[in-house]
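S.K.: The structure under discussion is supplied below as structure tokens; questions concerning it will follow.
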Amino acid sequence: MPNELAFLPCAVVTLAGAVAAMMLRNLVHCALCAAGAFAGLAALYLQLDAQFAGFAQLLVYVGAVAILIVFTIILTRGADLRPGAAATSPAPWVGLLAAGLVVACLIGCLVSSPSLNRLPAATADAPVKSIGEQLMNQYVMPLEAIGLLLTAALLGAVVIALREPPKSEPPTR
Amino acid sequence: MNGLDQVFVWLGHWLASWFPVPAQPLVLAVLAMAGIITVFGTCFALTTIVERKTLGRMQNRYGPNRVGPCGLLQPIADAVKMLIKEDIVPFSADKTLHYLAPLVLTVPIWLAFAVLPFGRNMSAVDLNAGILFFFAIGSASELAVFMAGWSSQNKYSLVGAMRAIAQMISYEVPLVLSTVPVLMLAGSLSLNDIVAAQGTFTYGGLARWNAFTPWGLAGLLLFLIAATAESNRSPFDLPEGESEIIAGYLTEYSGFKYALFFLGEYLGLFAVTGLAVTLFLGGWHAPFQWLEWAPSWFWFGVKFGALIFLFIWVRATLPRLRLDQLLNFSWRFLVPLSLINLLVAAVWWRTGAWKFAAEAPARWLLCAALIALPFHWLGRALRGPLPPPRKYTYAE
Amino acid sequence: MTTPLVHYLILAALLFGVGLAGALTRRNAVLVLLGVELMLNAANLNFIAFWRFGPHPENLTGVMVALFVIAIGAAEAAIGLALVIALYRHCRTAQLDRVASLKG
């Protein structure tokens, strides 16, 4: 059962990590704060009794996506931000306004909706066996599609990031 | 409940009974944590001295033997040295990350011990997705390596950290894939269920450990190789090879922080060894049915010690792999072999329905051939063509 | 002391807003991708919260969709970061306002 005492610290860590990830100047610090936010989210999933999703979130996001981001920051020398350079685009208030409007709309709808005042079910069980059975029976098409997607993504990422061999003949104009 | 077998469980419940009933689960959890920290902390200290003496003996020399009888107080001397050393932080280092990296490495690894079943009824937490928890925690320690290498603002540290992360990511795939046959045949991700599935006996009392099947043996070997690489141990210790890049990502760490990294590395080794014992060697079951009178945690300890000795032996024996050899070994040999192992485990499962006279050796031979032939071919492909026989210009 | 559903949804909305604000304002391409990942995670939190507070938690739709979204997010991060690396190789910069022209 989600407990308020356990919810607040995880929520604070997640939100603080996300805000820090979007606001810090040093990109490596941003990436590591984002990893902290992902870990906070994994803790929230565990509170909501979705054990498999929580551990998968840790394994994929903290263990793989965060490392990918960190590697890319190093490979694109992004961490060497000159002291006077701007970290944000010339008119950041536009983006902030847009995001603020979206959040205000969402929270307005959430708070005023009557159907969201419900209690959770007493026990929610997501055993791995049921997840496996549903993956193989109901969700077999999305599973195969995800398999294809991941293969394509793997091959595509390797091809895109591959260093091109130096061309010997001069380019024609 | 067999007395000696359940003595720790009984002790835990007796201590928890002194507390009010609502607090008892918390007290049991704290006691389990204290037990794990005590036992594996002592194990760490013992392993350092046992490793140095074993390496010494294998290299035809004594190990440390000055401090205490046979050098057994050497860990205490090492601990005192580490604690009183000056903690040097480079001037241009990123102070926060430099401080946090050893903590981020060590803390998740302690968590991994929570799901291992050390004996009958002796796992701290029985999670439904226990193995996934274990691997998720293991993957969180890779960020700590990066933090250590990056925050030191040192070229050697960064190169060492990049190599270490590349190695860890590459070997995480065969590590996880080699455990999938076990999960498939046990039908559960919970470690207690996996140990229970290896609990029956056959053929004159021999236990049905997973390592006594062809796919289990291959899986155990793959798992141990990948585990050696995941803990950055020789022959996969390029990230911290002293003759290559000073100490890699550990270059700018001294004193207690270095001790924490050292501790984290050995604890990681203990955790994967515990997992190997649980998945492939039958956990806390005895090898023969007539040996089941010994306590379950004793058998866990014996198998654990045997695997640690195996790791130390391999460290003393094999030379270090170069980075490209290391990565090729993982992606071109271990990963295809793990996938083929999965297929072999499926064949083993389906042929379990055979019922004729010589079905056990026939099954064994079929599955062993199905995995040994690709092993041979992949090995030949990895090794490539042999150089021509050597021509000596000046000898003879 | 049970957390109401609305708290989880508000947290997800705030996360989504932070991700959106970061994706729209930061100059570096990697941080834009990070913002997108945060938005995906916010949606995931919504799915899992609705699954838990729903009337039939034995119907695992929320968890399954969340798992698929995690896989898709990882694939998208891989491709996006490969694109950023290719962009850096071509234009020697990862700042998005320097690559504003189609020429070259």
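Naming scheme: A, B, ... for chains in displayed order of the structure tokens; residues 1 onward per chain; ligands 1 onward as shown.
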Produce a table with one row for each residue of region 9-91 of chain C that has an atom at most 12 Å from any atom of region 119-130 of chain A, each row naming the nearest atom pair and its distance in Å at one decimal; use only C-alpha atoms; arrange rows by chain and rising residue number; format as CSV.
M.R.:
```
residue,atom,partner,partner_atom,distance
C:Ile48,CA,A:Ala126,CA,11.2
C:Ala49,CA,A:Pro120,CA,9.4
C:Phe50,CA,A:Pro120,CA,9.3
C:Trp51,CA,A:Ala124,CA,9.0
C:Arg52,CA,A:Pro120,CA,6.3
C:Phe53,CA,A:Pro120,CA,4.1
C:Gly54,CA,A:Pro120,CA,6.7
C:Pro55,CA,A:Ala121,CA,6.6
C:His56,CA,A:Ala121,CA,7.8
C:Pro57,CA,A:Ala124,CA,5.5
C:Glu58,CA,A:Asp125,CA,6.8
C:Asn59,CA,A:Ala126,CA,9.1
C:Leu60,CA,A:Ala126,CA,7.0
C:Thr61,CA,A:Ala126,CA,10.4
C:Gly62,CA,A:Ala126,CA,10.3
C:Val63,CA,A:Ala126,CA,7.9
C:Met64,CA,A:Ala126,CA,10.0
```
S.K.: Using only C-alpha atoms, which chain B residues lie at most 9 Å away from chain A, written as a PyMOL selection string?
M.R.: chain B and resi 97+127-129+132-143+146-147+150+162+165+169+187-189
S.K.: Any chance you could list, as a list in words, the residues in region 48-81 of chain C that come up alpha helix (DSSP H) when DSSP is run on the backbone?
M.R.: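 DSSP-assigned alpha helix (DSSP H) residues in region 48-81 of chain C: Ile48, Ala49, Phe50, Trp51, Arg52, Thr61, Gly62, Val63, Met64, Val65, Ala66, Leu67, Phe68, Val69, Ile70, Ala71, Ile72, Gly73, Ala74, Ala75, Glu76, Ala77, Ala78, Ile79, Gly80 and Leu81 of chain C.
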S.K.: Please report the interatomic distance between CA of Leu334 (chain B) and CA of Thr317 (chain B) in Å with one decimal.
M.R.: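 Here the two named atoms are 20.6 Å from each other.
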S.K.: Please identify all polymer residues within 12 Å of Val9 (chain B), counting only C-alpha atoms, omitting same-chain residues fewer than 6 positions from it, and present them as a list in words.
M.R.: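 Selected residues are Met1, Asn2, Gly3, Leu15, Ala16, Leu28, Ala29, Leu31, Ala32, Gly35, Phe118, Gly119, Arg120, Asn121, Met122, Ser123, Ala124, Ser296 and Trp297 of chain B.
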S.K.: Output N, CA and C atoms of each residue in that selection to a file, as a short mmCIF file (atom, residue, chain, number, x, y, z; two decimals), in the first residue's frame.
M.R.:
```cif
data_model
loop_
_atom_site.label_atom_id
_atom_site.label_comp_id
_atom_site.auth_asym_id
_atom_site.auth_seq_id
_atom_site.Cartn_x
_atom_site.Cartn_y
_atom_site.Cartn_z
N MET B 1 12.14 -28.29 13.04
CA MET B 1 13.31 -27.54 12.58
C MET B 1 14.58 -28.18 13.13
N ASN B 2 15.43 -28.63 12.24
CA ASN B 2 16.70 -29.19 12.65
C ASN B 2 17.49 -28.12 13.40
N GLY B 3 17.98 -28.47 14.60
CA GLY B 3 18.53 -27.45 15.50
C GLY B 3 19.65 -26.63 14.93
N LEU B 15 15.82 -12.88 19.49
CA LEU B 15 16.18 -11.48 19.74
C LEU B 15 15.03 -10.56 19.39
N ALA B 16 14.30 -10.88 18.33
CA ALA B 16 13.19 -9.99 17.94
C ALA B 16 12.04 -10.10 18.92
N LEU B 28 13.86 -7.72 12.75
CA LEU B 28 14.41 -8.86 12.00
C LEU B 28 15.24 -8.38 10.81
N ALA B 29 14.72 -7.33 10.14
CA ALA B 29 15.47 -6.81 8.99
C ALA B 29 16.81 -6.24 9.44
N LEU B 31 18.49 -7.06 12.09
CA LEU B 31 19.38 -8.17 12.49
C LEU B 31 19.98 -8.85 11.27
N ALA B 32 19.14 -9.01 10.22
CA ALA B 32 19.66 -9.64 9.00
C ALA B 32 20.77 -8.78 8.40
N GLY B 35 23.87 -9.11 10.47
CA GLY B 35 24.52 -10.39 10.22
C GLY B 35 25.28 -10.40 8.92
N PHE B 118 21.16 -17.93 2.18
CA PHE B 118 22.38 -18.49 2.74
C PHE B 118 22.15 -19.85 3.38
N GLY B 119 20.91 -20.19 3.61
CA GLY B 119 20.61 -21.46 4.24
C GLY B 119 19.11 -21.65 4.16
N ARG B 120 18.64 -22.72 4.76
CA ARG B 120 17.19 -22.95 4.75
C ARG B 120 16.52 -21.82 5.51
N ASN B 121 15.51 -21.17 4.90
CA ASN B 121 14.81 -20.02 5.52
C ASN B 121 15.74 -18.87 5.87
N MET B 122 16.88 -18.76 5.20
CA MET B 122 17.84 -17.75 5.62
C MET B 122 18.13 -16.72 4.56
N SER B 123 17.14 -16.33 3.78
CA SER B 123 17.38 -15.19 2.90
C SER B 123 16.71 -13.99 3.54
N ALA B 124 17.37 -12.83 3.49
CA ALA B 124 16.87 -11.67 4.22
C ALA B 124 15.51 -11.23 3.66
N SER B 296 22.64 -26.35 6.48
CA SER B 296 22.55 -25.83 5.12
C SER B 296 23.51 -24.69 4.90
N TRP B 297 23.71 -23.83 5.92
CA TRP B 297 24.62 -22.70 5.73
C TRP B 297 26.07 -23.17 5.64
#
```
S.K.: For region 28-132 of chain A versus region 3-24 of chain C, which residues have an atom no more than 9 Å away, and what is each residue's nearest atom pair and distance in Å rounded to one decimal, using only C-alpha atoms, chain-then-number order, as a tab-separated table?
M.R.:
```
residue	atom	partner	partner_atom	distance
A:Leu44	CA	C:Tyr8	CA	8.9
A:Thr88	CA	C:Gly22	CA	9.0
A:Ser89	CA	C:Leu24	CA	8.5
A:Pro92	CA	C:Leu24	CA	7.7
A:Val94	CA	C:Leu24	CA	8.2
A:Gly95	CA	C:Leu24	CA	4.9
A:Leu96	CA	C:Ala21	CA	5.2
A:Leu97	CA	C:Ala21	CA	8.2
A:Ala98	CA	C:Ala21	CA	7.5
A:Ala99	CA	C:Gly17	CA	5.1
A:Gly100	CA	C:Gly17	CA	6.7
A:Leu101	CA	C:Gly17	CA	8.8
A:Val102	CA	C:Gly17	CA	6.8
A:Val103	CA	C:Gly17	CA	5.5
A:Ala104	CA	C:Ala13	CA	8.9
A:Leu106	CA	C:Ala13	CA	6.4
A:Ile107	CA	C:Ile10	CA	6.1
A:Leu110	CA	C:Val6	CA	6.7
A:Val111	CA	C:Val6	CA	7.1
A:Leu116	CA	C:Val6	CA	6.5
A:Asn117	CA	C:Leu5	CA	7.1
A:Arg118	CA	C:Leu5	CA	7.1
A:Leu119	CA	C:Pro4	CA	7.0
A:Pro120	CA	C:Leu5	CA	8.0
```
S.K.: Could you dump the residues just selected with C-alpha atoms as a PDB file, in the first residue's frame?
M.R.:
```pdb
ATOM      1  CA  LEU A  44       8.020   5.011  -6.522  1.00  0.00           C
ATOM      2  CA  THR A  88      19.904  28.195 -22.380  1.00  0.00           C
ATOM      3  CA  SER A  89      18.614  29.359 -25.726  1.00  0.00           C
ATOM      4  CA  PRO A  92      14.108  30.710 -22.419  1.00  0.00           C
ATOM      5  CA  VAL A  94       8.975  30.969 -24.110  1.00  0.00           C
ATOM      6  CA  GLY A  95       9.775  27.394 -23.185  1.00  0.00           C
ATOM      7  CA  LEU A  96       9.142  28.019 -19.527  1.00  0.00           C
ATOM      8  CA  LEU A  97       5.803  29.641 -20.310  1.00  0.00           C
ATOM      9  CA  ALA A  98       4.746  26.745 -22.490  1.00  0.00           C
ATOM     10  CA  ALA A  99       5.737  24.194 -19.878  1.00  0.00           C
ATOM     11  CA  GLY A 100       4.071  26.212 -17.142  1.00  0.00           C
ATOM     12  CA  LEU A 101       0.819  26.360 -19.120  1.00  0.00           C
ATOM     13  CA  VAL A 102       0.865  22.609 -19.706  1.00  0.00           C
ATOM     14  CA  VAL A 103       1.500  21.876 -16.036  1.00  0.00           C
ATOM     15  CA  ALA A 104      -1.160  24.320 -14.903  1.00  0.00           C
ATOM     16  CA  LEU A 106      -2.856  19.243 -16.070  1.00  0.00           C
ATOM     17  CA  ILE A 107      -2.913  20.024 -12.392  1.00  0.00           C
ATOM     18  CA  LEU A 110      -6.387  16.568 -11.851  1.00  0.00           C
ATOM     19  CA  VAL A 111      -7.442  18.475  -8.792  1.00  0.00           C
ATOM     20  CA  LEU A 116      -9.689  10.432  -9.101  1.00  0.00           C
ATOM     21  CA  ASN A 117     -10.691  10.222  -5.453  1.00  0.00           C
ATOM     22  CA  ARG A 118     -10.426   6.485  -5.292  1.00  0.00           C
ATOM     23  CA  LEU A 119      -8.729   4.124  -2.940  1.00  0.00           C
ATOM     24  CA  PRO A 120      -6.296   1.533  -4.151  1.00  0.00           C
TER      25      PRO A 120
END
```
S.K.: If we count only C-alpha atoms and set the cut-off at 9 Å, which residues sit around region 208-214 of chain B, ignoring sequence neighbours fewer than 2 positions away in its own chain? Please answer as a PyMOL selection string.
M.R.: chain B and resi 182+195+197-202+206+216-220+279-283+285+287+341+344-345+348+364-365+367-368+371
S.K.: Kindly save the residues from that selection, with C-alpha atoms included, as a CSV table (one decimal), in the first residue's frame.
M.R.:
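The resulting result.csv:
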```csv
chain,number,residue,atom,x,y,z
B,182,VAL,CA,18.2,-21.5,-15.0
B,195,VAL,CA,17.2,-23.4,-4.8
B,197,ALA,CA,14.0,-26.7,-7.7
B,198,GLN,CA,17.5,-28.2,-7.2
B,199,GLY,CA,16.5,-30.0,-4.1
B,200,THR,CA,15.7,-33.4,-5.3
B,201,PHE,CA,18.1,-36.3,-5.5
B,202,THR,CA,18.7,-39.0,-8.1
B,206,LEU,CA,23.4,-37.4,-6.2
B,216,GLY,CA,24.2,-25.9,-16.3
B,217,LEU,CA,27.8,-26.7,-16.5
B,218,ALA,CA,28.2,-24.4,-19.6
B,219,GLY,CA,26.1,-21.8,-17.9
B,220,LEU,CA,28.2,-22.0,-14.7
B,279,LEU,CA,21.8,-20.7,-9.4
B,280,PHE,CA,24.1,-23.5,-10.5
B,281,LEU,CA,25.5,-25.3,-7.5
B,282,GLY,CA,22.2,-26.0,-5.6
B,283,GLY,CA,22.4,-23.2,-3.1
B,285,HIS,CA,21.7,-28.3,-0.6
B,287,PRO,CA,25.8,-32.8,-2.9
B,341,ASN,CA,23.1,-22.5,-24.1
B,344,VAL,CA,20.4,-26.4,-25.3
B,345,ALA,CA,18.5,-25.9,-22.0
B,348,TRP,CA,17.1,-30.7,-22.4
B,364,TRP,CA,23.5,-35.8,-21.7
B,365,LEU,CA,25.5,-36.6,-24.9
B,367,CYS,CA,22.9,-31.7,-25.2
B,368,ALA,CA,26.7,-31.7,-24.5
B,371,ILE,CA,26.9,-27.0,-26.9
```
S.K.: Within 10 Å of Cys10 (chain A), counting only C-alpha atoms, which residues show up once you throw out same-chain ones fewer than 6 positions away? Write them as number ranges by chain, please.
M.R.: A: 16, 37, 39-44, 47
S.K.: Please write the residues from the selection above to a file, keeping C-alpha atoms, as a JSON list (two decimals), in the first residue's frame.
M.R.:
```json
[["chain", "number", "residue", "atom", "x", "y", "z"],
["A", 16, "ALA", "CA", 14.77, 17.67, -7.23],
["A", 37, "ALA", "CA", 15.67, 11.06, -10.60],
["A", 39, "ALA", "CA", 16.28, 5.90, -9.25],
["A", 40, "GLY", "CA", 13.67, 7.88, -7.32],
["A", 41, "LEU", "CA", 11.09, 6.86, -9.90],
["A", 42, "ALA", "CA", 12.10, 3.23, -9.49],
["A", 43, "ALA", "CA", 11.49, 3.60, -5.75],
["A", 44, "LEU", "CA", 8.02, 5.01, -6.52],
["A", 47, "GLN", "CA", 5.94, 1.53, -3.58]]
```
S.K.: I'd like to know which residues of region 15-221 of chain B are strand (DSSP E or B) (by DSSP, run on the backbone); could you write them as a list in words?
M.R.: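 Matching residues, listed in order: Phe201, Thr202, Leu206 and Ala207 of chain B.
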S.K.: For a test of reading the model, state the distance in Å between CA of Ser152 (chain B) and CA of Leu27 (chain A), rounded to one decimal.
M.R.: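 Between these atoms lies a distance of 16.0 Å.
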S.K.: I'd like the interatomic distance between CA of Ile85 (chain C) and CA of Ala34 (chain A), to a tenth of an Å.
M.R.: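 Distance between the two atoms: 19.9 Å.
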